[in-house]
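See below for structure32.tsv, which holds TSV, C-alpha atoms.
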chain	number	residue	atom	x	y	z
A	935	MET	CA	-40.75	-12.95	74.46
A	936	LEU	CA	-39.34	-16.32	73.55
A	937	LYS	CA	-40.97	-18.11	70.67
A	938	GLY	CA	-40.24	-21.22	68.63
A	939	VAL	CA	-40.52	-21.11	64.85
A	940	GLY	CA	-40.02	-24.10	62.61
A	941	ALA	CA	-41.16	-25.32	59.25
A	942	GLU	CA	-44.01	-27.32	60.74
A	943	SER	CA	-44.38	-25.88	64.24
A	944	SER	CA	-46.41	-22.90	65.33
A	945	MET	CA	-45.10	-20.08	67.50
A	946	SER	CA	-45.82	-20.35	71.21
A	947	PRO	CA	-44.75	-17.70	73.72
A	948	ALA	CA	-42.71	-18.86	76.69
A	949	ILE	CA	-41.32	-15.61	78.13
A	950	ALA	CA	-42.59	-12.06	77.76
A	951	LYS	CA	-40.48	-9.08	78.87
A	952	THR	CA	-40.89	-5.36	78.31
A	953	LEU	CA	-37.74	-3.40	79.03
A	954	VAL	CA	-38.02	0.28	79.82
A	955	PRO	CA	-35.12	2.68	80.48
A	956	ALA	CA	-34.86	3.78	84.11
A	957	THR	CA	-35.71	7.37	83.09
A	958	ALA	CA	-39.05	6.41	81.50
A	959	HIS	CA	-42.45	6.06	83.12
A	960	PRO	CA	-43.71	2.55	83.91
A	961	VAL	CA	-45.35	0.77	81.00
A	962	VAL	CA	-49.09	0.16	81.27
A	963	SER	CA	-50.01	-3.36	80.19
A	964	GLY	CA	-51.78	-3.94	76.87
A	965	ILE	CA	-54.96	-4.88	78.74
A	966	GLU	CA	-55.16	-1.46	80.36
A	967	GLU	CA	-54.12	0.60	77.34
A	968	THR	CA	-54.08	-0.02	73.60
A	969	ASP	CA	-50.77	1.28	72.24
A	970	HIS	CA	-51.09	2.72	68.74
A	971	ARG	CA	-47.56	4.14	68.55
A	972	LEU	CA	-45.29	3.44	65.63
A	973	ASN	CA	-42.96	0.50	66.20
A	974	ILE	CA	-39.39	0.31	64.92
A	975	SER	CA	-37.97	-3.22	64.79
A	976	VAL	CA	-34.25	-3.75	65.37
A	977	VAL	CA	-32.91	-7.13	64.27
A	978	PHE	CA	-30.14	-8.61	66.39
A	979	THR	CA	-27.14	-9.53	64.23
A	980	SER	CA	-24.19	-9.32	66.66
A	981	ILE	CA	-23.39	-7.14	69.68
A	982	GLU	CA	-21.60	-4.08	68.24
A	983	PRO	CA	-23.72	-3.70	65.08
A	984	THR	CA	-26.93	-4.18	67.08
A	985	LEU	CA	-25.90	-1.48	69.57
A	986	MET	CA	-25.33	0.89	66.62
A	987	ALA	CA	-28.69	-0.11	65.14
A	988	LEU	CA	-30.40	0.51	68.50
A	989	LYS	CA	-28.81	3.97	68.68
A	990	GLU	CA	-30.04	4.76	65.15
A	991	ALA	CA	-33.51	3.40	65.96
A	992	GLY	CA	-33.57	5.38	69.22
A	993	THR	CA	-32.87	8.63	67.38
A	994	LEU	CA	-35.60	7.83	64.88
A	995	ALA	CA	-38.04	6.70	67.58
A	996	ASN	CA	-37.49	9.91	69.59
A	997	ARG	CA	-38.28	12.01	66.51
A	998	LEU	CA	-41.37	9.97	65.63
A	999	GLY	CA	-42.67	9.20	69.14
A	1000	ALA	CA	-42.22	5.49	68.45
A	1001	ARG	CA	-41.14	2.50	70.47
A	1002	ILE	CA	-38.51	-0.15	69.65
A	1003	THR	CA	-38.78	-3.92	69.44
A	1004	LEU	CA	-35.52	-5.86	69.46
A	1005	LEU	CA	-36.09	-9.04	67.42
A	1006	VAL	CA	-33.66	-11.85	68.19
A	1007	PRO	CA	-33.86	-14.81	65.82
A	1008	GLN	CA	-31.89	-17.47	67.72
A	1009	LEU	CA	-30.91	-20.27	65.35
A	1010	VAL	CA	-31.25	-23.81	66.68
A	1011	PRO	CA	-29.31	-26.42	64.66
A	1012	HIS	CA	-31.26	-29.34	63.18
A	1013	PRO	CA	-29.82	-32.09	65.40
A	1014	LEU	CA	-31.42	-30.33	68.40
A	1015	PRO	CA	-35.15	-30.06	69.07
A	1016	LEU	CA	-36.42	-26.56	68.31
A	1017	ASP	CA	-37.27	-25.96	71.98
A	1018	SER	CA	-33.73	-26.91	73.15
A	1019	PRO	CA	-31.37	-24.16	71.95
A	1020	PRO	CA	-27.60	-24.61	72.40
A	1021	VAL	CA	-27.48	-21.36	74.42
A	1022	LEU	CA	-29.53	-21.24	77.63
A	1023	VAL	CA	-32.64	-19.06	77.43
A	1024	GLU	CA	-31.82	-17.44	80.79
A	1025	PHE	CA	-28.38	-16.42	79.56
A	1026	ASN	CA	-29.83	-14.78	76.45
A	1027	GLU	CA	-32.57	-13.12	78.47
A	1028	ARG	CA	-29.96	-11.40	80.69
A	1029	ARG	CA	-27.77	-10.54	77.69
A	1030	PHE	CA	-30.57	-8.91	75.71
A	1031	ARG	CA	-31.89	-7.08	78.77
A	1032	VAL	CA	-28.46	-5.38	78.99
A	1033	ILE	CA	-28.41	-4.63	75.25
A	1034	ALA	CA	-31.96	-3.21	75.27
A	1035	GLY	CA	-31.01	-1.12	78.31
A	1036	GLN	CA	-28.67	0.85	76.03
A	1037	SER	CA	-31.71	2.34	74.29
A	1038	THR	CA	-33.18	5.65	75.45
A	1039	VAL	CA	-36.63	4.57	74.23
A	1040	GLU	CA	-39.08	1.95	75.51
A	1041	THR	CA	-37.71	-1.32	74.15
A	1042	GLN	CA	-39.30	-4.76	74.06
A	1043	VAL	CA	-37.24	-7.87	73.39
A	1044	HIS	CA	-38.61	-10.84	71.43
A	1045	VAL	CA	-36.41	-13.92	71.14
A	1046	TYR	CA	-37.44	-16.48	68.52
A	1047	LEU	CA	-36.06	-20.01	68.46
A	1048	CYS	CA	-35.89	-20.85	64.76
A	1049	ARG	CA	-34.19	-22.69	61.91
A	1050	ASP	CA	-34.29	-19.81	59.38
A	1051	ARG	CA	-33.78	-16.10	60.26
A	1052	PHE	CA	-35.46	-14.66	57.17
A	1053	GLN	CA	-38.53	-16.91	57.38
A	1054	THR	CA	-38.93	-16.08	61.07
A	1055	LEU	CA	-38.58	-12.33	60.58
A	1056	THR	CA	-41.05	-12.20	57.69
A	1057	SER	CA	-43.57	-14.15	59.77
A	1058	VAL	CA	-43.39	-11.77	62.76
A	1059	LEU	CA	-42.98	-8.39	61.05
A	1060	GLY	CA	-46.09	-6.53	59.93
A	1061	PRO	CA	-46.48	-5.36	56.33
A	1062	GLY	CA	-44.28	-2.32	55.59
A	1063	SER	CA	-42.56	-2.49	59.00
A	1064	ILE	CA	-39.60	-0.22	59.68
A	1065	VAL	CA	-36.58	-2.45	60.31
A	1066	VAL	CA	-33.13	-1.33	61.45
A	1067	LEU	CA	-30.20	-3.72	61.46
A	1068	GLY	CA	-26.47	-3.38	61.63
A	1069	GLY	CA	-23.60	-5.31	60.19
A	1070	ARG	CA	-19.96	-5.22	59.29
A	1071	LYS	CA	-18.73	-3.17	56.35
A	1072	ARG	CA	-18.66	-5.10	53.09
A	1073	ARG	CA	-15.38	-6.18	51.57
A	1074	TRP	CA	-15.56	-8.09	48.25
A	1075	TRP	CA	-18.98	-9.68	48.58
A	1076	PRO	CA	-22.09	-8.89	50.63
A	1077	THR	CA	-22.01	-10.02	54.25
A	1078	ARG	CA	-24.68	-12.28	55.71
A	1079	ASP	CA	-26.29	-9.25	57.40
A	1080	GLU	CA	-26.27	-7.18	54.17
A	1081	ALA	CA	-27.89	-10.11	52.36
A	1082	LEU	CA	-30.59	-10.29	55.07
A	1083	ALA	CA	-31.23	-6.52	54.75
A	1084	LYS	CA	-31.57	-6.88	50.97
A	1085	GLU	CA	-33.96	-9.85	51.33
A	1086	LEU	CA	-36.11	-7.90	53.81
A	1087	LYS	CA	-36.26	-4.93	51.40
A	1088	ARG	CA	-37.34	-7.24	48.58
A	1089	ALA	CA	-40.05	-8.63	50.88
A	1090	GLY	CA	-41.52	-5.12	51.23
A	1091	PHE	CA	-40.11	-3.88	54.53
A	1092	GLU	CA	-38.57	-0.44	55.06
A	1093	VAL	CA	-34.97	-1.33	55.96
A	1094	ILE	CA	-32.22	0.87	57.37
A	1095	PHE	CA	-28.83	-0.86	57.33
A	1096	LYS	CA	-26.20	0.61	59.68
A	1097	GLN	CA	-22.62	-0.38	58.80
A	1098	THR	CA	-19.87	-0.76	61.35
A	1099	GLU	CA	-16.16	-0.68	60.62
Target encoding C-alpha cells, full file:
Amino acid sequence: MLKGVGAESSMSPAIAKTLVPATAHPVVSGIEETDHRLNISVVFTSIEPTLMALKEAGTLANRLGARITLLVPQLVPHPLPLDSPPVLVEFNERRFRVIAGQSTVETQVHVYLCRDRFQTLTSVLGPGSIVVLGGRKRRWWPTRDEALAKELKRAGFEVIFKQTE
C-alpha cells in the first residue's frame, strides 16, 4: 500500500498489495474474512539488513502463527511535493515484491511517502506492536537504524534489532 504522510497532510492509499509465498494458500480478502492473527512489522532500512529482519520475523511468525507486514517509509525531500517521490513508485513496488517474496510467511507491503520515518512509523503502528528491523553493526556511535530502534522502544513498541556485519 502506498501512502503519503506529512506534517499537515493525511494518509491516503494509492496502491494496495498483499504478497503471499507461492507455497501458501491464496489470501481471502478482508471483506470475506476478518483476520485476527498476530502481525509482526518489519521496517525497511536497507536491502541486506531488511532481508535478515524478514528471516528473523519469519521464524517468529511461524512459531506464533502470525503474518508479516513490511513497512517502507520512503523519504521525500522537502523541495519535492509529498506525492512526487524521487524514486518511481512502480520501481519500488517491484523491488519490495521481490524482497517480500524472500519470506516464508504471508507478507504485506506498505510503502509510505513521508518526510519523517519515526513520525510515520508511530502513526501507523498499533500500540505495543512487535517490530523487527535490521541495521549495520555499531562502530563508535549508534547508527541511524539503531537510533530508530531505540526511539521505537521508547515509544512503547516491542522492538527486535537484528545486526548485520
Spatial neighbours of Gly1060 in chain A, 10 Å, only C-alpha atoms, chain gap at least 5 places, as a ChimeraX atom specification: /A:973,1055,1090-1091
12 Å contact set for Thr1077 in chain A, all atoms listed in the file, chain neighbours under 5 positions out, as a PyMOL selection string: chain A and resi 979+1068-1072+1082-1084+1095+1097-1098
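When all atoms listed in the file are used to measure the gap to Glu982 in chain A, the shortest distance among A:His1012, A:Gln1036, A:Leu998, A:Cys1048 belongs to A:Gln1036.
Counting all atoms listed in the file and comparing A:Ser980, A:Thr1054, A:Ser1018, A:Ser975, the residue that lies closest to Leu1004 in chain A is A:Ser975.
With distances taken over all atoms listed in the file, A:Val1039 is the one residue among A:Met986, A:His1044, A:Pro1013, A:Val1039 lying closest to Gly999 in chain A.
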Test item: which residues lie within 9 Å of (-29.5, 3.1, 61.4) counting all atoms listed in the file, as an MDAnalysis selection string: chainID A and resid 986:991 993:994 1066:1068 1093:1097
Proximity to Arg1051 in chain A - best of A:Arg1073, A:His970, A:Arg1078, A:Arg997, all atoms listed in the file: A:Arg1078
Atom-to-atom span, CA of Ser1063 in chain A and CA of Val976 in chain A, Å: 10.5 Å
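Taking CA of Leu1016 in chain A as the reference point, CA of Val1032 in chain A is found at 25.0 Å.
Counting from CA of Arg1031 in chain A, the distance to CA of Lys1087 in chain A is 27.8 Å.
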Selection: 10 Å around Ala1089 in chain A, only C-alpha atoms, excl. self and same-chain fewer than 6 positions, as a PyMOL selection string: chain A and resi 1052+1056+1061-1062+1083
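Residue nearest Ala1034 in chain A within the list A:Glu1099, A:Ile981, A:Pro1076, A:Pro1007: A:Ile981 [criterion: smallest interatomic distance, all atoms listed in the file].
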Residue list as a ChimeraX atom specification for point (-31.5, -18.1, 75.7), cut-off 12 Å, all atoms listed in the file: /A:935-938,948-949,1006-1010,1017-1031,1043-1047
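In terms of minimum interatomic distance to Arg1049 in chain A, A:Leu1014 ranks closest within A:Leu985, A:Leu972, A:Ala1000, A:Leu1014, counting only C-alpha atoms.
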Edge lengths and centre in Å to one decimal, as AutoDock Vina command-line options, of the axis-aligned box that encloses all listed atoms of range 992-1000 of chain A with 6 Å added on every side?
--center_x -37.8 --center_y 8.7 --center_z 67.2 --size_x 21.8 --size_y 18.6 --size_z 16.7
